[in-house]
$ cat protein-v4.cif   # mmCIF, C-alpha atoms
data_run
#
loop_
_atom_site.group_PDB
_atom_site.id
_atom_site.type_symbol
_atom_site.label_atom_id
_atom_site.label_comp_id
_atom_site.auth_asym_id
_atom_site.auth_seq_id
_atom_site.Cartn_x
_atom_site.Cartn_y
_atom_site.Cartn_z
ATOM 1 C CA MET A 26 0.000 0.000 0.000
ATOM 2 C CA ALA A 27 2.849 2.356 0.832
ATOM 3 C CA LYS A 28 4.360 1.758 -2.600
ATOM 4 C CA LYS A 29 1.145 2.747 -4.389
ATOM 5 C CA ALA A 30 0.696 5.811 -2.204
ATOM 6 C CA GLU A 31 4.212 6.918 -3.083
ATOM 7 C CA ARG A 32 3.420 6.657 -6.795
ATOM 8 C CA ARG A 33 0.266 8.733 -6.504
ATOM 9 C CA ALA A 34 2.145 11.353 -4.523
ATOM 10 C CA LEU A 35 4.790 11.524 -7.221
ATOM 11 C CA GLY A 36 2.218 12.261 -9.889
ATOM 12 C CA ARG A 37 0.546 15.006 -7.834
ATOM 13 C CA GLY A 38 3.857 16.351 -6.523
ATOM 14 C CA LEU A 39 5.294 17.110 -9.930
ATOM 15 C CA SER A 40 3.333 20.359 -10.029
ATOM 16 C CA ALA A 41 5.189 21.663 -6.982
ATOM 17 C CA LEU A 42 8.478 20.145 -8.044
ATOM 18 C CA LEU A 43 8.421 21.472 -11.606
ATOM 19 C CA GLY A 44 6.708 24.757 -10.927
ATOM 20 C CA ASP A 45 4.622 25.408 -14.039
ATOM 21 C CA GLN A 46 2.676 22.182 -14.434
ATOM 22 C CA ASP A 47 -0.666 23.892 -14.924
ATOM 23 C CA ARG A 48 0.589 27.046 -16.646
ATOM 24 C CA PRO A 49 -1.510 27.836 -19.743
ATOM 25 C CA ALA A 50 0.276 27.516 -23.069
ATOM 26 C CA GLY A 51 2.042 30.758 -23.965
ATOM 27 C CA ALA A 52 1.789 32.232 -20.456
ATOM 28 C CA PRO A 53 5.053 33.472 -18.901
ATOM 29 C CA ALA A 54 6.655 31.140 -16.399
ATOM 30 C CA PRO A 55 6.581 32.463 -12.815
ATOM 31 C CA GLU A 56 9.588 32.816 -10.548
ATOM 32 C CA VAL A 57 9.912 29.528 -8.707
ATOM 33 C CA ALA A 58 11.794 28.758 -5.525
ATOM 34 C CA ALA A 59 12.998 25.362 -4.433
ATOM 35 C CA PRO A 60 10.316 23.233 -2.744
ATOM 36 C CA ASP A 61 11.966 23.804 0.638
ATOM 37 C CA GLY A 62 11.620 27.579 0.227
ATOM 38 C CA ARG A 63 15.230 28.365 -0.679
ATOM 39 C CA ALA A 64 16.014 30.332 -3.828
ATOM 40 C CA PRO A 65 17.418 28.328 -6.760
ATOM 41 C CA SER A 66 21.204 28.184 -7.087
ATOM 42 C CA MET A 67 23.029 29.659 -10.074
ATOM 43 C CA LEU A 68 25.125 26.883 -11.584
ATOM 44 C CA PRO A 69 27.787 27.149 -14.322
ATOM 45 C CA ILE A 70 26.440 25.585 -17.517
ATOM 46 C CA ASP A 71 29.650 23.610 -18.012
ATOM 47 C CA LYS A 72 28.994 21.871 -14.678
ATOM 48 C CA ILE A 73 25.572 20.633 -15.805
ATOM 49 C CA ARG A 74 25.199 17.372 -17.725
ATOM 50 C CA ALA A 75 22.283 15.741 -19.524
ATOM 51 C CA ASN A 76 20.484 12.726 -18.099
ATOM 52 C CA PRO A 77 21.727 9.709 -20.133
ATOM 53 C CA ASP A 78 18.339 8.012 -19.598
ATOM 54 C CA GLN A 79 16.374 11.010 -20.854
ATOM 55 C CA PRO A 80 13.324 9.545 -22.643
ATOM 56 C CA ARG A 81 13.212 12.445 -25.079
ATOM 57 C CA GLN A 82 15.791 11.703 -27.781
ATOM 58 C CA MET A 83 14.785 14.297 -30.384
ATOM 59 C CA PHE A 84 14.817 18.050 -29.750
ATOM 60 C CA ASN A 85 13.322 20.229 -32.476
ATOM 61 C CA PRO A 86 16.119 22.599 -33.640
ATOM 62 C CA GLU A 87 13.663 25.360 -34.553
ATOM 63 C CA SER A 88 12.001 25.163 -31.146
ATOM 64 C CA ILE A 89 15.406 25.277 -29.392
ATOM 65 C CA HIS A 90 16.401 28.288 -31.521
ATOM 66 C CA GLU A 91 13.191 30.149 -30.598
ATOM 67 C CA LEU A 92 13.661 29.389 -26.912
ATOM 68 C CA ALA A 93 17.319 30.486 -27.091
ATOM 69 C CA ALA A 94 16.257 33.838 -28.524
ATOM 70 C CA SER A 95 13.749 34.252 -25.699
ATOM 71 C CA LEU A 96 16.304 33.324 -23.030
ATOM 72 C CA LYS A 97 18.815 35.728 -24.526
ATOM 73 C CA ALA A 98 16.292 38.567 -24.422
ATOM 74 C CA HIS A 99 14.604 37.870 -21.081
ATOM 75 C CA GLY A 100 16.881 35.483 -19.181
ATOM 76 C CA VAL A 101 15.928 32.143 -17.644
ATOM 77 C CA ILE A 102 12.885 32.630 -15.429
ATOM 78 C CA GLN A 103 12.037 28.993 -14.758
ATOM 79 C CA PRO A 104 14.877 27.069 -13.016
ATOM 80 C CA ILE A 105 15.860 23.601 -14.120
ATOM 81 C CA ILE A 106 16.008 20.723 -11.624
ATOM 82 C CA VAL A 107 19.271 18.855 -11.097
ATOM 83 C CA ARG A 108 20.892 16.344 -8.775
ATOM 84 C CA PRO A 109 24.589 15.944 -7.904
ATOM 85 C CA ASP A 110 26.125 13.876 -10.716
ATOM 86 C CA PRO A 111 27.129 10.523 -9.138
ATOM 87 C CA GLY A 112 29.808 9.996 -11.775
ATOM 88 C CA HIS A 113 31.468 13.424 -11.737
ATOM 89 C CA GLU A 114 32.322 15.223 -8.518
ATOM 90 C CA GLY A 115 31.280 18.867 -8.509
ATOM 91 C CA ALA A 116 28.972 18.389 -11.508
ATOM 92 C CA TYR A 117 25.195 18.105 -11.733
ATOM 93 C CA GLN A 118 22.825 15.938 -13.749
ATOM 94 C CA ILE A 119 19.571 17.252 -15.189
ATOM 95 C CA VAL A 120 16.375 15.832 -13.742
ATOM 96 C CA ALA A 121 14.016 18.183 -15.602
ATOM 97 C CA GLY A 122 14.709 21.059 -17.965
ATOM 98 C CA GLU A 123 17.111 19.710 -20.602
ATOM 99 C CA ARG A 124 15.416 21.756 -23.311
ATOM 100 C CA ARG A 125 16.127 24.979 -21.387
ATOM 101 C CA TRP A 126 19.713 23.869 -20.783
ATOM 102 C CA ARG A 127 20.251 23.244 -24.499
ATOM 103 C CA ALA A 128 18.679 26.588 -25.417
ATOM 104 C CA ALA A 129 20.760 28.409 -22.799
ATOM 105 C CA GLN A 130 23.941 26.998 -24.344
ATOM 106 C CA LYS A 131 22.812 28.146 -27.777
ATOM 107 C CA ALA A 132 22.050 31.596 -26.351
ATOM 108 C CA GLY A 133 25.604 31.827 -24.982
ATOM 109 C CA LEU A 134 24.580 31.928 -21.313
ATOM 110 C CA HIS A 135 27.195 30.875 -18.773
ATOM 111 C CA GLU A 136 24.992 29.883 -15.837
ATOM 112 C CA LEU A 137 21.477 28.665 -15.104
ATOM 113 C CA PRO A 138 19.143 28.885 -12.104
ATOM 114 C CA ALA A 139 18.713 25.371 -10.758
ATOM 115 C CA VAL A 140 16.898 23.600 -7.953
ATOM 116 C CA ILE A 141 19.273 20.986 -6.523
ATOM 117 C CA ARG A 142 17.619 17.847 -5.190
ATOM 118 C CA GLU A 143 18.810 14.428 -4.067
ATOM 119 C CA PHE A 144 17.412 11.660 -6.286
ATOM 120 C CA ASP A 145 18.616 8.105 -6.788
ATOM 121 C CA ASP A 146 18.828 6.552 -10.259
ATOM 122 C CA LYS A 147 15.362 5.037 -9.999
ATOM 123 C CA GLN A 148 13.725 8.324 -9.049
ATOM 124 C CA LEU A 149 15.673 10.155 -11.750
ATOM 125 C CA LEU A 150 14.326 7.983 -14.546
ATOM 126 C CA GLU A 151 10.810 7.945 -13.150
ATOM 127 C CA ILE A 152 10.579 11.728 -12.805
ATOM 128 C CA ALA A 153 12.249 12.346 -16.159
ATOM 129 C CA ILE A 154 9.699 10.184 -17.965
ATOM 130 C CA ILE A 155 6.663 11.545 -16.146
ATOM 131 C CA GLU A 156 7.868 15.146 -16.527
ATOM 132 C CA ASN A 157 8.278 14.722 -20.265
ATOM 133 C CA VAL A 158 4.928 13.017 -20.730
ATOM 134 C CA GLN A 159 3.075 15.633 -18.691
ATOM 135 C CA ARG A 160 4.792 18.784 -19.929
ATOM 136 C CA VAL A 161 6.303 18.146 -23.349
ATOM 137 C CA ASP A 162 4.899 16.735 -26.584
ATOM 138 C CA LEU A 163 7.003 13.620 -26.980
ATOM 139 C CA ASP A 164 6.740 11.824 -30.288
ATOM 140 C CA PRO A 165 4.527 8.708 -30.049
ATOM 141 C CA VAL A 166 7.475 6.292 -30.011
ATOM 142 C CA GLU A 167 9.289 8.155 -27.206
ATOM 143 C CA GLU A 168 6.031 8.271 -25.262
ATOM 144 C CA ALA A 169 5.446 4.536 -25.733
ATOM 145 C CA ARG A 170 9.001 3.677 -24.693
ATOM 146 C CA GLY A 171 8.668 5.903 -21.638
ATOM 147 C CA TYR A 172 5.528 4.079 -20.521
ATOM 148 C CA ALA A 173 7.198 0.723 -21.161
ATOM 149 C CA GLN A 174 10.222 1.741 -19.063
ATOM 150 C CA LEU A 175 8.041 2.773 -16.152
ATOM 151 C CA ILE A 176 6.065 -0.461 -16.242
ATOM 152 C CA GLU A 177 9.145 -2.649 -16.661
ATOM 153 C CA ASN A 178 11.487 -0.861 -14.240
ATOM 154 C CA PHE A 179 9.058 0.173 -11.506
ATOM 155 C CA ASP A 180 6.371 -2.534 -11.642
ATOM 156 C CA TYR A 181 3.554 -0.164 -12.498
ATOM 157 C CA THR A 182 0.281 -1.574 -13.704
ATOM 158 C CA GLN A 183 -1.315 0.280 -16.604
ATOM 159 C CA GLU A 184 -4.061 1.507 -14.290
ATOM 160 C CA GLU A 185 -1.598 2.909 -11.724
ATOM 161 C CA LEU A 186 0.476 4.587 -14.413
ATOM 162 C CA ALA A 187 -2.595 6.111 -16.058
ATOM 163 C CA LYS A 188 -3.625 7.717 -12.756
ATOM 164 C CA THR A 189 -0.097 8.993 -12.095
ATOM 165 C CA ILE A 190 0.367 10.753 -15.432
ATOM 166 C CA GLY A 191 -3.236 11.768 -15.976
ATOM 167 C CA LYS A 192 -3.879 9.650 -19.078
ATOM 168 C CA SER A 193 -6.546 7.028 -19.757
ATOM 169 C CA ARG A 194 -5.681 3.339 -19.653
ATOM 170 C CA SER A 195 -6.818 2.975 -23.244
ATOM 171 C CA HIS A 196 -4.388 5.727 -24.279
ATOM 172 C CA LEU A 197 -1.521 3.902 -22.555
ATOM 173 C CA ALA A 198 -2.447 0.537 -24.044
ATOM 174 C CA ASN A 199 -2.831 1.867 -27.574
ATOM 175 C CA THR A 200 0.360 3.926 -27.390
ATOM 176 C CA MET A 201 2.438 0.984 -26.149
ATOM 177 C CA ARG A 202 1.050 -1.247 -28.916
ATOM 178 C CA LEU A 203 3.024 0.912 -31.366
ATOM 179 C CA LEU A 204 6.242 -0.713 -30.135
ATOM 180 C CA SER A 205 5.206 -3.949 -31.857
ATOM 181 C CA LEU A 206 5.665 -2.281 -35.262
ATOM 182 C CA PRO A 207 8.858 -2.885 -37.270
ATOM 183 C CA PRO A 208 11.685 -0.307 -36.970
ATOM 184 C CA THR A 209 11.039 1.070 -40.479
ATOM 185 C CA VAL A 210 7.498 2.055 -39.515
ATOM 186 C CA LEU A 211 8.607 3.496 -36.156
ATOM 187 C CA THR A 212 11.140 5.668 -37.993
ATOM 188 C CA LEU A 213 8.401 7.067 -40.232
ATOM 189 C CA LEU A 214 6.224 7.657 -37.182
ATOM 190 C CA ARG A 215 8.967 9.521 -35.320
ATOM 191 C CA ALA A 216 9.653 11.649 -38.391
ATOM 192 C CA GLY A 217 6.003 12.717 -38.484
ATOM 193 C CA LYS A 218 5.369 11.057 -41.852
ATOM 194 C CA LEU A 219 2.810 8.756 -40.242
ATOM 195 C CA SER A 220 0.367 9.654 -37.494
ATOM 196 C CA ALA A 221 -0.146 7.402 -34.489
ATOM 197 C CA GLY A 222 -3.574 6.510 -35.903
ATOM 198 C CA HIS A 223 -2.065 5.409 -39.210
ATOM 199 C CA ALA A 224 0.605 3.391 -37.395
ATOM 200 C CA ARG A 225 -1.921 1.626 -35.143
ATOM 201 C CA ALA A 226 -3.865 0.576 -38.229
ATOM 202 C CA LEU A 227 -0.752 -1.253 -39.475
ATOM 203 C CA ILE A 228 -0.141 -3.236 -36.276
ATOM 204 C CA GLY A 229 -0.145 -6.935 -37.046
ATOM 205 C CA ALA A 230 0.209 -6.520 -40.812
ATOM 206 C CA ALA A 231 2.888 -8.854 -42.192
ATOM 207 C CA ASP A 232 4.084 -6.216 -44.671
ATOM 208 C CA ALA A 233 3.621 -3.157 -42.442
ATOM 209 C CA GLY A 234 6.733 -1.407 -43.797
ATOM 210 C CA GLN A 235 5.581 -1.679 -47.404
ATOM 211 C CA LEU A 236 2.043 -0.647 -46.480
ATOM 212 C CA ALA A 237 3.352 2.382 -44.583
ATOM 213 C CA ASN A 238 5.160 3.616 -47.679
ATOM 214 C CA GLU A 239 2.000 3.091 -49.723
ATOM 215 C CA VAL A 240 -0.019 5.079 -47.179
ATOM 216 C CA ILE A 241 2.434 7.981 -47.405
ATOM 217 C CA THR A 242 2.670 7.891 -51.215
ATOM 218 C CA LYS A 243 -1.103 7.821 -51.713
ATOM 219 C CA GLY A 244 -1.883 10.191 -48.827
ATOM 220 C CA LEU A 245 -4.388 7.762 -47.309
ATOM 221 C CA ASN A 246 -6.411 8.691 -44.235
ATOM 222 C CA VAL A 247 -6.659 6.415 -41.199
ATOM 223 C CA ARG A 248 -9.850 4.668 -42.363
ATOM 224 C CA GLN A 249 -8.316 3.977 -45.753
ATOM 225 C CA THR A 250 -5.176 2.691 -44.032
ATOM 226 C CA GLU A 251 -7.247 0.306 -41.919
ATOM 227 C CA ALA A 252 -8.940 -1.021 -45.053
ATOM 228 C CA LEU A 253 -5.594 -1.404 -46.806
ATOM 229 C CA ALA A 254 -4.113 -3.339 -43.879
ATOM 230 C CA LYS A 255 -7.041 -5.779 -43.950
ATOM 231 C CA GLN A 256 -6.579 -6.595 -47.612
ATOM 232 C CA LEU A 257 -4.891 -9.932 -48.248
ATOM 233 C CA PRO A 258 -2.311 -9.832 -51.078
ATOM 234 C CA ALA A 259 -3.404 -11.713 -54.222
ATOM 235 C CA ALA A 260 -0.695 -14.367 -53.810
ATOM 236 C CA ASP A 261 -1.833 -15.044 -50.252
ATOM 237 C CA ARG A 262 -5.494 -15.153 -51.276
ATOM 238 C CA ALA A 263 -4.705 -17.936 -53.732
ATOM 239 C CA LYS A 264 -3.011 -19.953 -51.002
ATOM 240 C CA ALA A 265 -5.611 -19.332 -48.336
ATOM 241 C CA PRO A 266 -7.781 -22.411 -47.621
ATOM 242 C CA ARG A 267 -11.513 -22.102 -47.717
ATOM 243 C CA ARG A 268 -13.377 -21.898 -44.481
ATOM 244 C CA ALA A 269 -15.912 -24.480 -43.531
ATOM 245 C CA ALA A 270 -19.333 -23.574 -44.866
ATOM 246 C CA GLU A 271 -21.084 -24.529 -41.654
ATOM 247 C CA LYS A 272 -19.892 -24.720 -38.053
ATOM 248 C CA ASP A 273 -20.585 -27.774 -35.958
ATOM 249 C CA ALA A 274 -22.495 -27.660 -32.678
ATOM 250 C CA ASP A 275 -19.351 -27.950 -30.551
ATOM 251 C CA THR A 276 -17.746 -24.931 -32.239
ATOM 252 C CA ARG A 277 -20.910 -22.864 -31.779
ATOM 253 C CA ALA A 278 -21.072 -23.889 -28.119
ATOM 254 C CA ILE A 279 -17.464 -22.819 -27.533
ATOM 255 C CA GLU A 280 -18.162 -19.500 -29.265
ATOM 256 C CA GLY A 281 -21.137 -18.972 -26.968
ATOM 257 C CA ASP A 282 -19.178 -19.791 -23.824
ATOM 258 C CA LEU A 283 -16.300 -17.457 -24.757
ATOM 259 C CA SER A 284 -18.676 -14.661 -25.754
ATOM 260 C CA SER A 285 -20.476 -14.968 -22.420
ATOM 261 C CA THR A 286 -17.223 -14.962 -20.439
ATOM 262 C CA LEU A 287 -15.650 -12.012 -22.255
ATOM 263 C CA GLY A 288 -18.800 -9.997 -22.852
ATOM 264 C CA MET A 289 -17.776 -9.651 -26.527
ATOM 265 C CA LYS A 290 -18.656 -11.457 -29.739
ATOM 266 C CA VAL A 291 -16.275 -14.371 -30.384
ATOM 267 C CA SER A 292 -15.984 -16.193 -33.705
ATOM 268 C CA ILE A 293 -14.029 -19.438 -34.283
ATOM 269 C CA ASP A 294 -13.088 -20.503 -37.790
ATOM 270 C CA HIS A 295 -11.404 -23.805 -38.686
ATOM 271 C CA LEU A 296 -9.110 -23.070 -41.624
ATOM 272 C CA ASP A 297 -6.876 -26.102 -42.035
ATOM 273 C CA ALA A 298 -7.589 -29.800 -42.392
ATOM 274 C CA ASP A 299 -5.106 -30.550 -39.585
ATOM 275 C CA GLY A 300 -7.112 -28.521 -37.083
ATOM 276 C CA GLY A 301 -5.586 -25.055 -37.418
ATOM 277 C CA GLY A 302 -7.755 -21.968 -37.399
ATOM 278 C CA GLU A 303 -8.340 -18.579 -35.853
ATOM 279 C CA VAL A 304 -10.329 -16.989 -33.054
ATOM 280 C CA LYS A 305 -11.731 -13.495 -33.590
ATOM 281 C CA ILE A 306 -12.916 -11.272 -30.760
ATOM 282 C CA ARG A 307 -14.923 -8.198 -31.701
ATOM 283 C CA TYR A 308 -14.794 -5.191 -29.351
ATOM 284 C CA LYS A 309 -17.012 -2.136 -29.616
ATOM 285 C CA SER A 310 -14.809 0.422 -27.867
ATOM 286 C CA LEU A 311 -11.269 1.002 -26.610
ATOM 287 C CA ASP A 312 -12.538 0.458 -23.086
ATOM 288 C CA GLN A 313 -13.672 -3.028 -24.094
ATOM 289 C CA LEU A 314 -10.236 -3.641 -25.634
ATOM 290 C CA ASP A 315 -8.619 -2.563 -22.358
ATOM 291 C CA GLU A 316 -10.854 -4.965 -20.435
ATOM 292 C CA LEU A 317 -9.949 -7.783 -22.828
ATOM 293 C CA CYS A 318 -6.225 -7.108 -22.390
ATOM 294 C CA ARG A 319 -6.702 -7.139 -18.616
ATOM 295 C CA LYS A 320 -8.496 -10.498 -18.674
ATOM 296 C CA LEU A 321 -5.954 -12.087 -20.991
ATOM 297 C CA SER A 322 -3.057 -10.938 -18.814
ATOM 298 C CA GLU A 323 -4.517 -12.300 -15.559
#

$ encode --input "protein-v4.cif" --output "structure tokens"
Amino acid sequence: MAKKAERRALGRGLSALLGDQDRPAGAPAPEVAAPDGRAPSMLPIDKIRANPDQPRQMFNPESIHELAASLKAHGVIQPIIVRPDPGHEGAYQIVAGERRWRAAQKAGLHELPAVIREFDDKQLLEIAIIENVQRVDLDPVEEARGYAQLIENFDYTQEELAKTIGKSRSHLANTMRLLSLPPTVLTLLRAGKLSAGHARALIGAADAGQLANEVITKGLNVRQTEALAKQLPAADRAKAPRRAAEKDADTRAIEGDLSSTLGMKVSIDHLDADGGGEVKIRYKSLDQLDELCRKLSE
């Protein structure tokens, strides 16, 4: 129980820790003191190092340039958060605020206001991921990998993580499903050539990489992408065995039992003479899909 309470406190406590959690977009950042009431320290930029486990791997150059111009004109109002660097005496490691640190370097600043806190490696990664998800628009792949890290490294359930970061469980589940796509598709997704909706429509397709290129070339929308992904190539259609024209009583009984248990329509089709086939489960909403994933993982 204490472990779960600590997680919930972390999610709520980020507002105080990071200062401008609920600041409207475009509003100026307020002056922020350290959580214990002390003013932030001014640290030399060359003594500050990036977090090697930072979930955000891509920083938009244009955005950094715009922020650098602002920092050069108005200074750094919002302090970054750092911890003593365990690998370099006298240096500090960024917990939150790497974008400001990068922009400050570009602006030619020599020091930054910083709140110094003591965090272990586990807390560092946890806060870095949650801070990015809550405050910065990560690309879908970075977001999915961040969720996966939190679940794998800190034993979160999807429900606990959803409450901590203020997202729905269906959003978490659908975002993490993107990681099952091949690297070629993930690269297109990260580059903004595919939307997350397009990418989700390609999950499970044997030729997802080829289909992704076709989607981009033809400028297909998500619905058209879903239809394309369901199409069986002509060569595969020729090889595909015919389904049985009529289901036996046992198969219909099993379908009924599974449908009753899951609360969703279940269809069983025998495709091969040696007994192979497929089971289809139809869900009506993302919430139903979440519930199905929960039951299958029990």

$ atom_distance --input "protein-v4.cif" --atom1 "CA of Leu137 in chain A" --atom2 "CA of Pro104 in chain A"
7.1 Å

$ atom_distance --input "protein-v4.cif" --atom1 "CA of Ile73 in chain A" --atom2 "CA of Leu96 in chain A"
17.3 Å

$ atom_distance --input "protein-v4.cif" --atom1 "CA of Ala169 in chain A" --atom2 "CA of Asn85 in chain A"
18.8 Å

$ resolve_selection --input "protein-v4.cif" --expression "the PyMOL selection byres ((chain A and resi 318) around 12)" --output "list of chain:residue names"
A:Gln183, A:Arg194, A:Ser195, A:Leu197, A:Ala198, A:Asn199, A:Arg202, A:Leu287, A:Ile306, A:Tyr308, A:Leu311, A:Asp312, A:Gln313, A:Leu314, A:Asp315, A:Glu316, A:Leu317, A:Arg319, A:Lys320, A:Leu321, A:Ser322, A:Glu323

$ closest_residue --input "protein-v4.cif" --among "A:Ile152, A:Ala237, A:Met289, A:Ala98" --to "Thr189 in chain A" --atoms "all atoms listed in the file"
A:Ile152

$ resolve_selection --input "protein-v4.cif" --expression "the PyMOL selection byres ((chain A and resi 107) around 7)" --output "PyMOL selection string"
chain A and resi 105-106+108-109+117-121+139-142

$ residues_around --input "protein-v4.cif" --residues "range 210-224 of chain A" --least-positions-apart "3" --cutoff "8 Å" --atoms "only C-alpha atoms" --output "PyMOL selection string"
chain A and resi 164-166+200+203-204+206-207+227-228+233-234+237+241+246-247+250-251

$ resolve_selection --input "protein-v4.cif" --expression "the PyMOL selection byres ((chain A and resi 131) around 9)" --output "PyMOL selection string"
chain A and resi 89-90+93-94+126-130+132-134

$ residues_near_point --input "protein-v4.cif" --point "(-13.3, -14.8, -33.0)" --cutoff "7 Å" --atoms "all atoms listed in the file" --output "list in words"
Val291, Ser292, Ile293, Glu303, Val304, Lys305, Ile306 and Arg307 of chain A

$ closest_residue --input "protein-v4.cif" --among "A:Phe179, A:Ala116, A:Gly171, A:Lys290" --to "Gln148 in chain A" --atoms "all atoms listed in the file"
A:Phe179

$ axis_aligned_box --input "protein-v4.cif" --around "range 238-244 of chain A" --padding-each-side "3 Å" --output "AutoDock Vina command-line options"
--center_x 1.6 --center_y 6.6 --center_z -49.4 --size_x 13.0 --size_y 13.1 --size_z 10.5

$ decode --input "protein-v4.cif" --residues "range 172-191 of chain A" --atoms "N, CA and C atoms" --output "mmCIF file, in the first residue's frame"
data_model
loop_
_atom_site.group_PDB
_atom_site.id
_atom_site.type_symbol
_atom_site.label_atom_id
_atom_site.label_comp_id
_atom_site.auth_asym_id
_atom_site.auth_seq_id
_atom_site.Cartn_x
_atom_site.Cartn_y
_atom_site.Cartn_z
ATOM 1 N N TYR A 172 6.496 4.874 -21.271
ATOM 2 C CA TYR A 172 5.528 4.079 -20.521
ATOM 3 C C TYR A 172 6.077 2.675 -20.266
ATOM 4 N N ALA A 173 6.674 2.082 -21.299
ATOM 5 C CA ALA A 173 7.198 0.723 -21.161
ATOM 6 C C ALA A 173 8.309 0.672 -20.114
ATOM 7 N N GLN A 174 9.156 1.695 -20.068
ATOM 8 C CA GLN A 174 10.222 1.741 -19.063
ATOM 9 C C GLN A 174 9.648 1.809 -17.656
ATOM 10 N N LEU A 175 8.631 2.644 -17.485
ATOM 11 C CA LEU A 175 8.041 2.773 -16.152
ATOM 12 C C LEU A 175 7.407 1.461 -15.699
ATOM 13 N N ILE A 176 6.711 0.804 -16.592
ATOM 14 C CA ILE A 176 6.065 -0.461 -16.242
ATOM 15 C C ILE A 176 7.093 -1.549 -15.976
ATOM 16 N N GLU A 177 8.136 -1.599 -16.811
ATOM 17 C CA GLU A 177 9.145 -2.649 -16.661
ATOM 18 C C GLU A 177 10.051 -2.406 -15.460
ATOM 19 N N ASN A 178 10.497 -1.150 -15.285
ATOM 20 C CA ASN A 178 11.487 -0.861 -14.240
ATOM 21 C C ASN A 178 10.878 -0.664 -12.859
ATOM 22 N N PHE A 179 9.629 -0.187 -12.808
ATOM 23 C CA PHE A 179 9.058 0.173 -11.506
ATOM 24 C C PHE A 179 7.793 -0.595 -11.176
ATOM 25 N N ASP A 180 7.493 -1.649 -11.949
ATOM 26 C CA ASP A 180 6.371 -2.534 -11.642
ATOM 27 C C ASP A 180 5.025 -1.814 -11.581
ATOM 28 N N TYR A 181 4.862 -0.795 -12.390
ATOM 29 C CA TYR A 181 3.554 -0.164 -12.498
ATOM 30 C C TYR A 181 2.586 -1.111 -13.201
ATOM 31 N N THR A 182 1.321 -1.016 -12.859
ATOM 32 C CA THR A 182 0.281 -1.574 -13.704
ATOM 33 C C THR A 182 -0.160 -0.438 -14.626
ATOM 34 N N GLN A 183 -0.846 -0.775 -15.701
ATOM 35 C CA GLN A 183 -1.315 0.280 -16.604
ATOM 36 C C GLN A 183 -2.279 1.224 -15.888
ATOM 37 N N GLU A 184 -3.098 0.673 -15.011
ATOM 38 C CA GLU A 184 -4.061 1.507 -14.290
ATOM 39 C C GLU A 184 -3.359 2.489 -13.363
ATOM 40 N N GLU A 185 -2.347 2.027 -12.626
ATOM 41 C CA GLU A 185 -1.598 2.909 -11.724
ATOM 42 C C GLU A 185 -0.878 4.004 -12.509
ATOM 43 N N LEU A 186 -0.260 3.618 -13.613
ATOM 44 C CA LEU A 186 0.476 4.587 -14.413
ATOM 45 C C LEU A 186 -0.460 5.623 -15.020
ATOM 46 N N ALA A 187 -1.620 5.183 -15.478
ATOM 47 C CA ALA A 187 -2.595 6.111 -16.058
ATOM 48 C C ALA A 187 -3.010 7.174 -15.043
ATOM 49 N N LYS A 188 -3.244 6.762 -13.800
ATOM 50 C CA LYS A 188 -3.625 7.717 -12.756
ATOM 51 C C LYS A 188 -2.483 8.679 -12.445
ATOM 52 N N THR A 189 -1.249 8.169 -12.447
ATOM 53 C CA THR A 189 -0.097 8.993 -12.095
ATOM 54 C C THR A 189 0.146 10.093 -13.119
ATOM 55 N N ILE A 190 0.037 9.767 -14.401
ATOM 56 C CA ILE A 190 0.367 10.753 -15.432
ATOM 57 C C ILE A 190 -0.863 11.450 -16.008
ATOM 58 N N GLY A 191 -2.038 11.086 -15.530
ATOM 59 C CA GLY A 191 -3.236 11.768 -15.976
ATOM 60 C C GLY A 191 -3.693 11.393 -17.367
#
